[in-house]
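Containing compact mmCIF, C-alpha atoms: input10.txt.
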# COMPACT_ATOMS: atom_id res chain seq x y z
CA MET A 1 0.00 0.00 0.00
CA ALA A 2 1.83 3.06 -1.23
CA LEU A 3 1.58 6.23 0.72
CA PHE A 4 2.72 9.69 -0.29
CA GLU A 5 2.77 12.26 2.47
CA ALA A 6 4.14 15.67 3.29
CA ARG A 7 5.11 16.86 6.72
CA ASP A 8 5.26 20.43 7.91
CA LEU A 9 5.97 21.74 4.44
CA ALA A 10 6.90 25.34 3.76
CA CYS A 11 7.42 26.98 0.41
CA GLN A 12 9.22 30.21 -0.22
CA ARG A 13 9.46 31.98 -3.57
CA GLY A 14 11.84 34.90 -3.50
CA GLU A 15 11.20 36.78 -0.29
CA ARG A 16 7.63 35.59 0.09
CA VAL A 17 6.56 32.57 2.12
CA LEU A 18 3.63 31.06 0.21
CA PHE A 19 2.61 28.51 2.79
CA ALA A 20 4.03 26.91 5.92
CA GLY A 21 3.16 24.01 8.17
CA LEU A 22 1.31 22.18 5.41
CA ASP A 23 0.68 18.45 5.84
CA PHE A 24 -1.15 15.99 3.64
CA HIS A 25 -1.20 12.34 2.97
CA LEU A 26 -2.34 10.49 -0.05
CA GLU A 27 -3.01 6.77 -0.20
CA ALA A 28 -3.10 4.50 -3.21
CA GLY A 29 -6.35 5.03 -5.05
CA ALA A 30 -6.92 8.52 -3.62
CA ALA A 31 -6.96 11.98 -5.13
CA LEU A 32 -6.07 15.31 -3.57
CA LEU A 33 -7.61 18.44 -5.07
CA LEU A 34 -5.68 21.62 -4.34
CA THR A 35 -7.85 24.68 -4.05
CA GLY A 36 -7.00 28.28 -3.32
CA ALA A 37 -6.80 31.69 -4.88
CA ASN A 38 -4.34 32.58 -7.63
CA GLY A 39 -0.84 32.81 -6.23
CA SER A 40 -1.63 30.82 -3.10
CA GLY A 41 0.98 28.22 -4.02
CA LYS A 42 -0.96 25.40 -5.70
CA SER A 43 1.46 25.19 -8.60
CA SER A 44 4.44 25.51 -6.29
CA LEU A 45 3.12 22.67 -4.13
CA LEU A 46 2.88 20.46 -7.22
CA ARG A 47 6.42 21.40 -8.28
CA LEU A 48 7.63 20.61 -4.76
CA ALA A 49 5.88 17.23 -4.91
CA ALA A 50 7.57 16.51 -8.24
CA GLY A 51 10.96 17.41 -6.80
CA LEU A 52 11.42 20.31 -9.22
CA LEU A 53 11.62 22.71 -6.26
CA ARG A 54 13.07 22.13 -2.83
CA PRO A 55 10.86 22.86 0.18
CA ALA A 56 12.04 25.66 2.47
CA ALA A 57 11.16 23.42 5.38
CA GLY A 58 9.58 20.02 5.90
CA GLU A 59 9.80 16.94 3.74
CA PHE A 60 7.95 14.48 1.52
CA LEU A 61 7.78 10.81 2.38
CA TRP A 62 6.97 7.84 0.19
CA ASP A 63 6.07 4.75 2.20
CA GLY A 64 7.68 6.46 5.17
CA ARG A 65 11.01 7.14 3.46
CA PRO A 66 12.09 10.68 2.59
CA ILE A 67 12.03 11.19 -1.19
CA ARG A 68 15.22 13.26 -1.06
CA ARG A 69 17.10 10.06 -0.26
CA ASP A 70 16.21 8.60 -3.61
CA GLY A 71 15.20 11.31 -6.03
CA GLU A 72 15.61 9.10 -9.08
CA ALA A 73 13.11 6.48 -7.89
CA HIS A 74 10.67 9.29 -7.14
CA ARG A 75 11.07 10.77 -10.63
CA ARG A 76 10.31 7.39 -12.16
CA ARG A 77 7.05 6.94 -10.30
CA LEU A 78 5.49 10.27 -11.11
CA ILE A 79 4.34 12.23 -14.08
CA TYR A 80 4.04 15.99 -13.80
CA LEU A 81 2.10 18.09 -16.28
CA GLY A 82 2.44 21.84 -15.73
CA HIS A 83 0.45 24.71 -17.25
CA ALA A 84 2.64 24.76 -20.31
CA ASP A 85 1.89 22.13 -22.93
CA ALA A 86 5.52 21.08 -23.49
CA LEU A 87 4.82 20.53 -27.19
CA LYS A 88 7.05 21.38 -30.13
CA ALA A 89 5.20 23.20 -32.89
CA GLY A 90 7.59 21.81 -35.51
CA LEU A 91 6.94 18.15 -34.66
CA THR A 92 3.85 16.18 -35.58
CA VAL A 93 1.35 14.99 -32.98
CA ASP A 94 2.77 11.49 -33.20
CA GLU A 95 6.41 12.66 -32.98
CA ASN A 96 5.66 14.83 -29.94
CA LEU A 97 4.14 11.97 -27.99
CA HIS A 98 6.72 9.49 -29.25
CA PHE A 99 9.48 11.70 -27.90
CA TRP A 100 8.02 11.58 -24.39
CA ALA A 101 7.56 7.81 -24.66
CA ASP A 102 11.21 7.36 -25.68
CA LEU A 103 12.41 9.78 -23.03
CA ALA A 104 10.54 7.81 -20.37
CA GLY A 105 12.59 4.82 -21.51
CA LEU A 106 9.79 2.77 -23.07
CA ALA A 107 11.19 -0.12 -25.09
CA ARG A 108 11.16 0.52 -28.81
CA ASN A 109 8.71 -2.30 -29.61
CA THR A 110 6.14 -1.16 -27.02
CA ALA A 111 6.47 2.60 -27.53
CA GLY A 112 4.68 2.65 -30.88
CA GLY A 113 1.69 0.76 -29.53
CA ALA A 114 1.53 2.85 -26.35
CA VAL A 115 1.58 6.07 -28.38
CA ALA A 116 -1.15 4.88 -30.74
CA GLN A 117 -3.34 3.77 -27.83
CA ALA A 118 -2.88 7.02 -25.94
CA LEU A 119 -3.76 9.07 -29.03
CA GLU A 120 -6.82 6.88 -29.57
CA ALA A 121 -7.97 7.32 -25.97
CA LEU A 122 -7.92 11.10 -26.30
CA GLY A 123 -9.46 11.16 -29.75
CA LEU A 124 -6.34 12.38 -31.55
CA SER A 125 -5.67 9.41 -33.85
CA ALA A 126 -6.89 11.25 -36.92
CA LEU A 127 -4.44 14.08 -36.27
CA ALA A 128 -1.36 11.91 -35.70
CA GLY A 129 0.52 13.16 -38.76
CA LEU A 130 -0.34 16.83 -38.30
CA PRO A 131 2.34 19.27 -37.06
CA ALA A 132 1.42 20.46 -33.57
CA ARG A 133 1.44 24.09 -34.71
CA PHE A 134 -1.95 23.48 -36.37
CA LEU A 135 -3.66 22.17 -33.22
CA SER A 136 -6.28 24.16 -31.32
CA ALA A 137 -5.68 24.95 -27.65
CA GLY A 138 -7.96 22.10 -26.58
CA GLN A 139 -6.26 19.63 -28.91
CA ARG A 140 -2.84 20.69 -27.59
CA ARG A 141 -4.06 20.08 -24.06
CA ARG A 142 -5.36 16.63 -25.00
CA LEU A 143 -2.04 15.75 -26.60
CA THR A 144 -0.25 16.75 -23.40
CA LEU A 145 -2.68 14.67 -21.33
CA ALA A 146 -2.00 11.69 -23.60
CA ARG A 147 1.39 11.45 -21.87
CA LEU A 148 -0.47 10.16 -18.81
CA LEU A 149 -1.46 7.02 -20.66
CA LEU A 150 1.93 6.01 -22.01
CA GLN A 151 2.83 4.00 -18.93
CA PRO A 152 0.59 1.79 -16.80
CA THR A 153 -0.60 2.89 -13.37
CA GLU A 154 1.56 0.26 -11.64
CA SER A 155 4.83 1.76 -12.91
CA VAL A 156 3.85 5.45 -12.70
CA PRO A 157 1.32 5.68 -9.86
CA LEU A 158 1.56 9.39 -9.05
CA TRP A 159 -0.03 11.98 -11.34
CA LEU A 160 0.69 15.64 -10.58
CA LEU A 161 -1.58 17.79 -12.70
CA ASP A 162 -1.57 21.57 -12.84
CA GLU A 163 -4.80 22.93 -14.32
CA PRO A 164 -5.37 19.88 -16.55
CA THR A 165 -8.81 21.03 -17.65
CA ASN A 166 -7.60 24.31 -19.18
CA ALA A 167 -9.00 24.80 -22.67
CA LEU A 168 -10.87 21.47 -22.60
CA ASP A 169 -14.48 21.35 -23.73
CA ALA A 170 -17.15 19.55 -21.70
CA GLN A 171 -16.75 16.30 -23.59
CA SER A 172 -12.98 16.21 -23.15
CA GLN A 173 -13.35 17.12 -19.48
CA SER A 174 -15.57 14.14 -18.88
CA ARG A 175 -13.11 11.98 -20.82
CA LEU A 176 -10.33 13.22 -18.53
CA LEU A 177 -12.49 12.46 -15.50
CA ASP A 178 -12.97 8.90 -16.75
CA LEU A 179 -9.22 8.51 -17.21
CA MET A 180 -8.59 9.80 -13.70
CA ARG A 181 -11.20 7.44 -12.23
CA ASP A 182 -9.59 4.50 -14.05
CA HIS A 183 -6.20 5.53 -12.71
CA LEU A 184 -7.53 5.73 -9.15
CA ALA A 185 -9.37 2.43 -9.48
CA ALA A 186 -6.09 0.81 -10.54
CA GLY A 187 -4.43 2.05 -7.36
CA GLY A 188 -2.94 5.30 -8.67
CA MET A 189 -2.74 8.65 -6.91
CA ILE A 190 -3.57 12.09 -8.22
CA MET A 191 -2.64 15.54 -6.96
CA LEU A 192 -4.45 18.15 -8.94
CA ALA A 193 -4.77 21.91 -8.98
CA SER A 194 -7.79 23.22 -10.80
CA HIS A 195 -10.06 26.24 -10.97
CA GLU A 196 -12.81 24.20 -12.52
CA ALA A 197 -14.94 22.52 -9.91
CA LEU A 198 -14.08 18.90 -10.60
CA ASP A 199 -16.82 17.89 -8.17
CA ALA A 200 -17.28 14.55 -9.84
CA LEU A 201 -13.79 13.45 -8.84
CA PRO A 202 -13.80 11.70 -5.49
CA GLY A 203 -11.04 12.80 -3.16
CA GLU A 204 -10.00 15.15 -0.42
CA ARG A 205 -9.79 18.89 -0.88
CA LEU A 206 -6.79 20.81 0.39
CA ALA A 207 -7.13 24.59 0.58
CA VAL A 208 -3.57 25.77 0.09
CA ASP A 209 -4.37 29.35 1.06
CA GLY A 210 -5.32 28.11 4.53
CA PHE A 211 -1.61 27.71 5.25
CA GLU A 212 -0.57 31.21 4.40
CA PRO A 213 1.61 32.52 7.23
CA ASP A 214 0.50 35.59 9.11
CA PRO A 215 2.26 38.45 7.30
CA LEU A 216 2.91 40.19 10.61
CA LEU A 217 4.96 37.28 11.97
CA PRO A 218 8.65 37.19 11.12
CA ALA A 219 9.59 34.30 8.84
CA ALA A 220 11.39 32.45 11.64
CA GLU A 221 8.16 31.93 13.59
CA THR A 222 6.27 30.43 10.68
CA GLY A 223 8.65 27.51 10.44
CA ALA A 224 10.27 28.76 7.28
CA VAL A 225 13.92 29.60 7.09
CA SER A 226 14.87 33.19 6.50
CA ALA A 227 15.85 34.22 3.00
CA THR A 228 19.51 34.64 3.87
CA ASP A 229 19.94 30.96 4.86
CA LEU A 230 18.24 29.92 1.75
CA GLY A 231 20.16 31.13 -1.26
CA GLU A 232 19.70 27.82 -3.07
CA VAL A 233 15.92 27.86 -2.87
CA ALA A 234 15.45 31.52 -3.65
CA MET B 235 20.29 5.10 -24.30
CA ILE B 236 16.97 5.20 -26.10
CA SER B 237 16.15 8.35 -24.17
CA ALA B 238 19.42 10.07 -25.11
CA LEU B 239 18.99 9.18 -28.78
CA ALA B 240 15.39 10.37 -28.70
CA LEU B 241 16.51 13.74 -27.37
CA LEU B 242 19.26 14.03 -29.99
CA ARG B 243 16.85 13.09 -32.76
CA ARG B 244 14.25 15.58 -31.57
CA ASP B 245 16.72 18.46 -31.35
CA LEU B 246 18.21 17.72 -34.76
CA ARG B 247 14.78 17.36 -36.31
CA LEU B 248 13.64 20.69 -34.87
CA SER B 249 16.78 22.46 -36.09
CA LEU B 250 16.57 21.00 -39.57
CA ARG B 251 12.85 21.72 -39.96
CA GLN B 252 13.59 25.30 -39.02
CA GLY B 253 16.58 25.18 -41.37
CA ILE B 254 16.67 28.96 -41.52
CA ASP B 255 18.35 29.01 -38.08
CA VAL B 256 21.26 26.92 -39.31
CA ALA B 257 21.50 28.95 -42.51
CA LEU B 258 21.50 32.23 -40.56
CA VAL B 259 24.48 31.17 -38.44
CA VAL B 260 26.54 30.28 -41.53
CA LEU B 261 25.38 33.41 -43.33
CA PHE B 262 26.38 35.63 -40.41
CA PHE B 263 29.77 33.91 -40.28
CA MET B 264 30.41 34.57 -43.97
CA VAL B 265 29.00 38.07 -44.24
CA ALA B 266 30.66 39.39 -41.09
CA GLY B 267 33.97 37.86 -42.20
CA ILE B 268 33.71 39.40 -45.65
CA LEU B 269 33.42 42.85 -44.09
CA PHE B 270 37.06 42.71 -43.01
CA PRO B 271 38.66 43.25 -46.45
CA PHE B 272 36.48 46.32 -46.82
CA ALA B 273 37.37 47.63 -43.38
CA VAL B 274 41.12 46.96 -43.20
CA GLY B 275 41.85 47.26 -46.91
CA PRO B 276 42.54 44.62 -49.54
CA ALA B 277 46.35 44.34 -49.05
CA PRO B 278 47.03 40.59 -49.52
CA ASN B 279 49.74 40.39 -46.86
CA LEU B 280 47.64 42.08 -44.22
CA LEU B 281 44.66 39.85 -45.00
CA ALA B 282 46.80 36.71 -44.91
CA ALA B 283 48.03 37.73 -41.47
CA ILE B 284 44.58 38.28 -39.97
CA ALA B 285 42.58 35.62 -41.89
CA GLY B 286 42.96 32.87 -39.29
CA GLY B 287 41.99 35.18 -36.45
CA VAL B 288 38.96 36.51 -38.28
CA VAL B 289 37.73 32.98 -38.98
CA MET B 290 38.10 31.97 -35.31
CA VAL B 291 36.44 35.10 -33.92
CA MET B 292 33.58 34.95 -36.42
CA ALA B 293 33.02 31.27 -35.56
CA ALA B 294 32.81 32.19 -31.87
CA LEU B 295 30.37 35.03 -32.53
CA ALA B 296 28.24 32.94 -34.89
CA ALA B 297 28.02 30.18 -32.27
CA LEU B 298 27.01 32.75 -29.63
CA LEU B 299 24.24 33.94 -31.90
CA SER B 300 22.58 30.54 -31.84
CA LEU B 301 22.85 29.81 -28.11
CA ASP B 302 19.44 31.21 -27.20
CA ARG B 303 17.73 28.35 -28.99
CA LEU B 304 19.62 25.74 -26.95
CA TYR B 305 17.58 25.76 -23.72
CA LEU B 306 15.26 28.75 -23.94
CA PRO B 307 12.51 27.11 -26.06
CA ASP B 308 12.42 24.08 -23.72
CA TYR B 309 12.33 26.38 -20.71
CA GLU B 310 9.50 28.47 -22.11
CA ASP B 311 7.25 25.66 -23.36
CA GLY B 312 7.62 23.50 -20.23
CA SER B 313 9.63 20.71 -21.91
CA LEU B 314 12.50 21.40 -19.53
CA ASP B 315 10.39 20.12 -16.59
CA GLY B 316 9.91 16.89 -18.50
CA LEU B 317 13.64 16.63 -19.14
CA LEU B 318 14.40 17.30 -15.46
CA LEU B 319 11.98 14.56 -14.41
CA SER B 320 13.01 12.01 -17.03
CA PRO B 321 15.08 8.97 -16.06
CA LEU B 322 17.88 10.41 -18.20
CA PRO B 323 20.59 11.98 -15.98
CA LEU B 324 20.60 15.73 -16.46
CA GLU B 325 24.33 15.67 -17.21
CA VAL B 326 23.59 13.45 -20.20
CA VAL B 327 20.84 15.85 -21.28
CA ALA B 328 23.41 18.67 -21.23
CA LEU B 329 25.89 16.62 -23.23
CA VAL B 330 23.31 15.57 -25.83
CA LYS B 331 22.06 19.14 -26.18
CA ALA B 332 25.62 20.38 -26.74
CA LEU B 333 26.18 17.65 -29.33
CA ALA B 334 23.01 18.60 -31.19
CA HIS B 335 24.09 22.25 -31.09
CA TRP B 336 27.53 21.38 -32.45
CA LEU B 337 26.07 19.28 -35.26
CA THR B 338 23.82 22.16 -36.34
CA THR B 339 26.26 25.07 -35.88
CA GLY B 340 29.87 23.91 -35.39
CA LEU B 341 29.82 21.44 -38.24
CA PRO B 342 28.30 23.81 -40.84
CA LEU B 343 30.84 26.46 -39.77
CA LEU B 344 33.62 23.95 -40.28
CA VAL B 345 32.37 23.40 -43.83
CA ALA B 346 32.09 27.12 -44.54
CA ALA B 347 35.45 28.06 -42.99
CA PRO B 348 37.68 27.20 -46.01
CA LEU B 349 35.55 29.46 -48.19
CA LEU B 350 35.97 32.37 -45.81
CA GLY B 351 39.68 31.54 -45.64
CA LEU B 352 39.87 31.77 -49.42
CA ILE B 353 38.14 35.14 -49.47
CA LEU B 354 40.56 36.42 -46.80
CA ASN B 355 43.65 35.12 -48.62
CA LEU B 356 44.60 32.54 -45.98
CA PRO B 357 47.93 30.93 -47.02
CA THR B 358 47.46 27.43 -48.45
CA ILE B 359 49.64 25.87 -45.81
CA ALA B 360 47.37 27.12 -43.01
CA TYR B 361 44.09 25.45 -44.13
CA LEU B 362 44.64 22.08 -42.51
CA PRO B 363 45.81 23.57 -39.19
CA MET B 364 42.85 25.98 -39.23
CA LEU B 365 40.38 23.16 -39.78
CA SER B 366 41.99 21.00 -37.09
CA ALA B 367 41.87 23.90 -34.65
CA LEU B 368 38.23 24.61 -35.55
CA LEU B 369 37.35 20.93 -35.18
CA LEU B 370 38.61 21.04 -31.60
CA ALA B 371 37.45 24.57 -30.78
CA THR B 372 33.86 24.50 -32.04
CA PRO B 373 32.70 21.68 -29.70
CA MET B 374 34.04 23.79 -26.84
CA LEU B 375 31.95 26.70 -28.08
CA SER B 376 28.88 24.45 -27.83
CA LEU B 377 29.77 23.02 -24.41
CA LEU B 378 30.66 26.36 -22.80
CA GLY B 379 27.80 28.05 -24.61
CA GLY B 380 25.39 25.48 -23.18
CA LEU B 381 26.58 26.40 -19.72
CA GLY B 382 26.01 30.08 -20.44
CA ALA B 383 22.57 29.39 -21.89
CA ALA B 384 21.58 27.34 -18.83
CA LEU B 385 22.89 29.95 -16.39
CA THR B 386 20.90 32.75 -17.98
CA LEU B 387 17.54 30.93 -18.18
CA GLY B 388 14.83 33.03 -16.65
CA SER B 389 16.82 36.24 -16.61
CA ARG B 390 15.82 39.23 -18.66
CA ARG B 391 18.31 40.17 -21.37
CA GLY B 392 19.61 36.60 -21.30
CA GLY B 393 21.27 36.98 -24.69
CA VAL B 394 23.50 39.83 -23.56
CA LEU B 395 24.32 38.02 -20.33
CA ILE B 396 25.36 34.86 -22.18
CA THR B 397 27.80 36.95 -24.19
CA LEU B 398 29.32 38.49 -21.08
CA ILE B 399 29.61 35.16 -19.29
CA ILE B 400 30.90 33.08 -22.16
CA LEU B 401 33.24 35.32 -24.17
CA PRO B 402 35.91 35.41 -21.43
CA LEU B 403 35.82 31.61 -21.34
CA TYR B 404 36.42 31.56 -25.10
CA VAL B 405 39.65 33.54 -24.77
CA PRO B 406 41.97 30.58 -24.03
CA VAL B 407 40.35 28.62 -26.86
CA LEU B 408 41.01 31.50 -29.26
CA ILE B 409 44.61 31.94 -28.10
CA PHE B 410 45.57 28.32 -28.67
CA ALA B 411 43.64 27.99 -31.92
CA MET B 412 45.48 31.08 -33.22
CA ALA B 413 48.78 29.63 -32.08
CA VAL B 414 48.09 26.54 -34.21
CA ILE B 415 47.27 28.62 -37.29
CA ASP B 416 50.15 31.07 -36.89
CA ALA B 417 52.69 28.33 -36.32
CA ALA B 418 51.75 26.87 -39.71
CA ARG B 419 51.44 30.22 -41.51
CA LEU B 420 54.84 31.47 -40.37
CA GLY B 421 56.44 28.05 -40.80
CA LEU B 422 57.50 27.97 -37.15
CA GLY B 423 56.50 24.39 -36.41
CA GLY B 424 55.26 23.37 -32.99
CA GLY B 425 51.64 23.68 -34.03
CA ASP B 426 50.98 20.09 -33.04
CA GLY B 427 51.78 20.90 -29.45
CA PHE B 428 49.10 23.59 -29.41
CA LEU B 429 46.65 21.21 -31.06
CA ILE B 430 47.26 18.74 -28.27
CA LEU B 431 46.64 21.50 -25.74
CA LEU B 432 43.37 22.34 -27.50
CA ALA B 433 42.41 18.66 -27.42
CA ALA B 434 43.15 18.56 -23.69
CA MET B 435 40.96 21.62 -23.16
CA LEU B 436 38.18 19.94 -25.12
CA LEU B 437 38.41 16.80 -22.98
CA GLY B 438 38.38 18.97 -19.88
CA SER B 439 35.25 20.80 -20.94
CA LEU B 440 33.60 17.53 -22.01
CA ALA B 441 34.18 16.21 -18.51
CA LEU B 442 33.26 19.35 -16.54
CA THR B 443 30.67 21.46 -18.36
CA PRO B 444 27.85 18.85 -18.29
CA TRP B 445 27.92 18.90 -14.47
CA ALA B 446 27.91 22.66 -14.30
CA THR B 447 25.18 22.94 -16.94
CA ALA B 448 23.04 20.35 -15.14
CA ALA B 449 23.39 22.26 -11.87
CA ALA B 450 22.37 25.47 -13.61
CA LEU B 451 19.34 23.76 -15.17
CA ARG B 452 18.21 22.47 -11.76
CA GLN B 453 18.35 26.01 -10.42
CA ALA B 454 16.26 27.27 -13.31
CA ALA B 455 13.36 24.87 -12.58
Please express the file's structure as structure tokens.
Amino acid sequence: MALFEARDLACQRGERVLFAGLDFHLEAGAALLLTGANGSGKSSLLRLAAGLLRPAAGEFLWDGRPIRRDGEAHRRRLIYLGHADALKAGLTVDENLHFWADLAGLARNTAGGAVAQALEALGLSALAGLPARFLSAGQRRRLTLARLLLQPTESVPLWLLDEPTNALDAQSQSRLLDLMRDHLAAGGMIMLASHEALDALPGERLAVDGFEPDPLLPAAETGAVSATDLGEVA
Amino acid sequence: MISALALLRRDLRLSLRQGIDVALVVLFFMVAGILFPFAVGPAPNLLAAIAGGVVMVMAALAALLSLDRLYLPDYEDGSLDGLLLSPLPLEVVALVKALAHWLTTGLPLLVAAPLLGLILNLPTIAYLPMLSALLLATPMLSLLGGLGAALTLGSRRGGVLITLIILPLYVPVLIFAMAVIDAARLGLGGGDGFLILLAAMLLGSLALTPWATAAALRQAA
């Protein structure tokens, strides 16, 4: 039973402490929806969980072991999709997705099938040979989301999704919901930041702006380290 | 291995599909070099003396010109996050990126260099030394340039900053490359020794810059 948890997490961007003393835990088959106003630190929390940023204080644990001890194993078990689509306009739909499949280390004989299946699942098969520059915003988003399906839930259990429903129409949103439900049913985990009320997705809600430190308190009392100790994070 | 090849293939494919970028680097190299006979006068002896230096400096400047497409597009479109989180070690990413950059700028410059040498009246005996020096110097331009490009990600006026950070690091490369060319042009001998020094510098930057570039990329995330 996998367990992803955070203890007493603080995040600092520049001089500003976004949140401090944040805890959560996420079990296999569960989702965590991050809510909060713009700039409250939802995206930063996802980047922290992916290991792209270092927390100013606190730590993440996977099955009780700190993820900093083994960053590579953590990278292998997660997929992070940020706001940006990470697509190359000059490559075709198929080439874009194929690149991410190869980069993830999928064997050559399985990559082709995985790519075709993922495109099929998101309704992009007909566009496979089209350069990505001709895609609409919603189609670009779907192509990015297709990366989620390249590897099975057992090998990549943790999905970190930043605003995945951006630019998606109602039909694609419900398709994404189905994919997320399948992932959870197979024992996956999802951390998700979204403005859209994804009410249909079962899971806990975490209001990130509830952990904003009192601006009148000095940084030391909020559990975060002061900016001077923290050159590497700032 | 598959991952590294996939990255190399993607970068080459993107450069070749936007072939204008490669063409612009070579064009800049030629056109800027051709300005020298107009500026310093067409005296054959004078041109022969400066030809090697002009070729080396123009190669350095042309390589600088193309550095902003090394990491900036990946940084801006979010692909860099995917590279950071891929199973591929970031040091290998840096090395592969530098290789792709060299194949699309250093190599075309190497092909164009004899033509610029001809226009600048480079003595016949100096062509082979010039090409050997360029062959060793241009990969260093890509490796050091990659470091500069990674360091300046996310800063405003990144292009100007890259120039300020990287040009001082190019100075030793230029000095030894010129020593190779001059030794041949003046018939002094000893050029091989300088070539070996250049090769040693290349091996040093091959071993060190990927680590530094990877560290800079992690900071940029």
| query | Using only C-alpha atoms, which residue out of A:Ala10, A:Ile79, A:Leu206, A:Leu184 lies closest to chain B? | reply |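 The closest residue to chain B is A:Ile79.
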| query | Which polymer residues, protein or nucleic acid, are no farther than 12 Å from (-6.1, 17.0, -26.8), counting only C-alpha atoms, as number ranges by chain? | reply | A: 85, 87, 93, 97, 118-128, 132, 135-148, 164-169, 171-173, 175-176
| field | Counting all atoms listed in the file, the option among A:Val115, A:Val208, A:Ala84, A:Leu160 closest to Asn96 (chain A) | value | A:Val115
| field | Coordinates-based distance that separates CA of Arg419 (chain B) from CA of Leu281 (chain B) (Å, one decimal) | value |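 It comes out at 12.3 Å.
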| remark: Pro357 (chain B) proximity check over B:Ala446, B:Ile284, B:Leu369, B:Val345, using only C-alpha atoms: winner is B:Ile284
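In this model, the gap between CA of His98 (chain A) and CA of Leu324 (chain B) comes to 19.9 Å.
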| Could you write out as a PyMOL selection string the residues of chain B within 7 Å of chain A, counting all atoms listed in the file? | chain B and resi 236-237+240+248+251+311-313+319-321+455
Let me see the file: selected residues, C-alpha atoms, as a PDB file, in the frame of the given file.
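To be explicit, this is the file written out as result_26.pdb:
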ATOM      1  CA  ILE B 236      16.970   5.200 -26.100  1.00  0.00           C
ATOM      2  CA  SER B 237      16.150   8.350 -24.170  1.00  0.00           C
ATOM      3  CA  ALA B 240      15.390  10.370 -28.700  1.00  0.00           C
ATOM      4  CA  LEU B 248      13.640  20.690 -34.870  1.00  0.00           C
ATOM      5  CA  ARG B 251      12.850  21.720 -39.960  1.00  0.00           C
ATOM      6  CA  ASP B 311       7.250  25.660 -23.360  1.00  0.00           C
ATOM      7  CA  GLY B 312       7.620  23.500 -20.230  1.00  0.00           C
ATOM      8  CA  SER B 313       9.630  20.710 -21.910  1.00  0.00           C
ATOM      9  CA  LEU B 319      11.980  14.560 -14.410  1.00  0.00           C
ATOM     10  CA  SER B 320      13.010  12.010 -17.030  1.00  0.00           C
ATOM     11  CA  PRO B 321      15.080   8.970 -16.060  1.00  0.00           C
ATOM     12  CA  ALA B 455      13.360  24.870 -12.580  1.00  0.00           C
TER      13      ALA B 455
END
| said: Taking (-9.9, 7.6, -13.3) in the coordinates of the supplied file, I want to know which residues reach to within 10 Å of it, counting only C-alpha atoms; could you give the answer as a VMD selection string? | reply: chain A and resid 29 31 175 to 190 201 to 202
Output file for the residues above (C-alpha atoms, as a PDB file, in the frame of the given file):
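Okay, this is what ended up in selection.pdb:
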ATOM      1  CA  GLY A  29      -6.350   5.030  -5.050  1.00  0.00           C
ATOM      2  CA  ALA A  31      -6.960  11.980  -5.130  1.00  0.00           C
ATOM      3  CA  ARG A 175     -13.110  11.980 -20.820  1.00  0.00           C
ATOM      4  CA  LEU A 176     -10.330  13.220 -18.530  1.00  0.00           C
ATOM      5  CA  LEU A 177     -12.490  12.460 -15.500  1.00  0.00           C
ATOM      6  CA  ASP A 178     -12.970   8.900 -16.750  1.00  0.00           C
ATOM      7  CA  LEU A 179      -9.220   8.510 -17.210  1.00  0.00           C
ATOM      8  CA  MET A 180      -8.590   9.800 -13.700  1.00  0.00           C
ATOM      9  CA  ARG A 181     -11.200   7.440 -12.230  1.00  0.00           C
ATOM     10  CA  ASP A 182      -9.590   4.500 -14.050  1.00  0.00           C
ATOM     11  CA  HIS A 183      -6.200   5.530 -12.710  1.00  0.00           C
ATOM     12  CA  LEU A 184      -7.530   5.730  -9.150  1.00  0.00           C
ATOM     13  CA  ALA A 185      -9.370   2.430  -9.480  1.00  0.00           C
ATOM     14  CA  ALA A 186      -6.090   0.810 -10.540  1.00  0.00           C
ATOM     15  CA  GLY A 187      -4.430   2.050  -7.360  1.00  0.00           C
ATOM     16  CA  GLY A 188      -2.940   5.300  -8.670  1.00  0.00           C
ATOM     17  CA  MET A 189      -2.740   8.650  -6.910  1.00  0.00           C
ATOM     18  CA  ILE A 190      -3.570  12.090  -8.220  1.00  0.00           C
ATOM     19  CA  LEU A 201     -13.790  13.450  -8.840  1.00  0.00           C
ATOM     20  CA  PRO A 202     -13.800  11.700  -5.490  1.00  0.00           C
TER      21      PRO A 202
END
| Got a sec: who's within 10 Å of region 39-46 of chain A, counting all atoms listed in the file, leaving out chain neighbours fewer than 2 positions off, as number ranges by chain? | A: 9-13, 17-19, 22, 33-37, 48-55, 80-83, 159-163, 191-194, 206-212
| Between CA of Ser376 (chain B) and CA of His335 (chain B) - distance in Å to one decimal |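 Pair CA of His335 (chain B) / CA of Ser376 (chain B) returns 6.2 Å.
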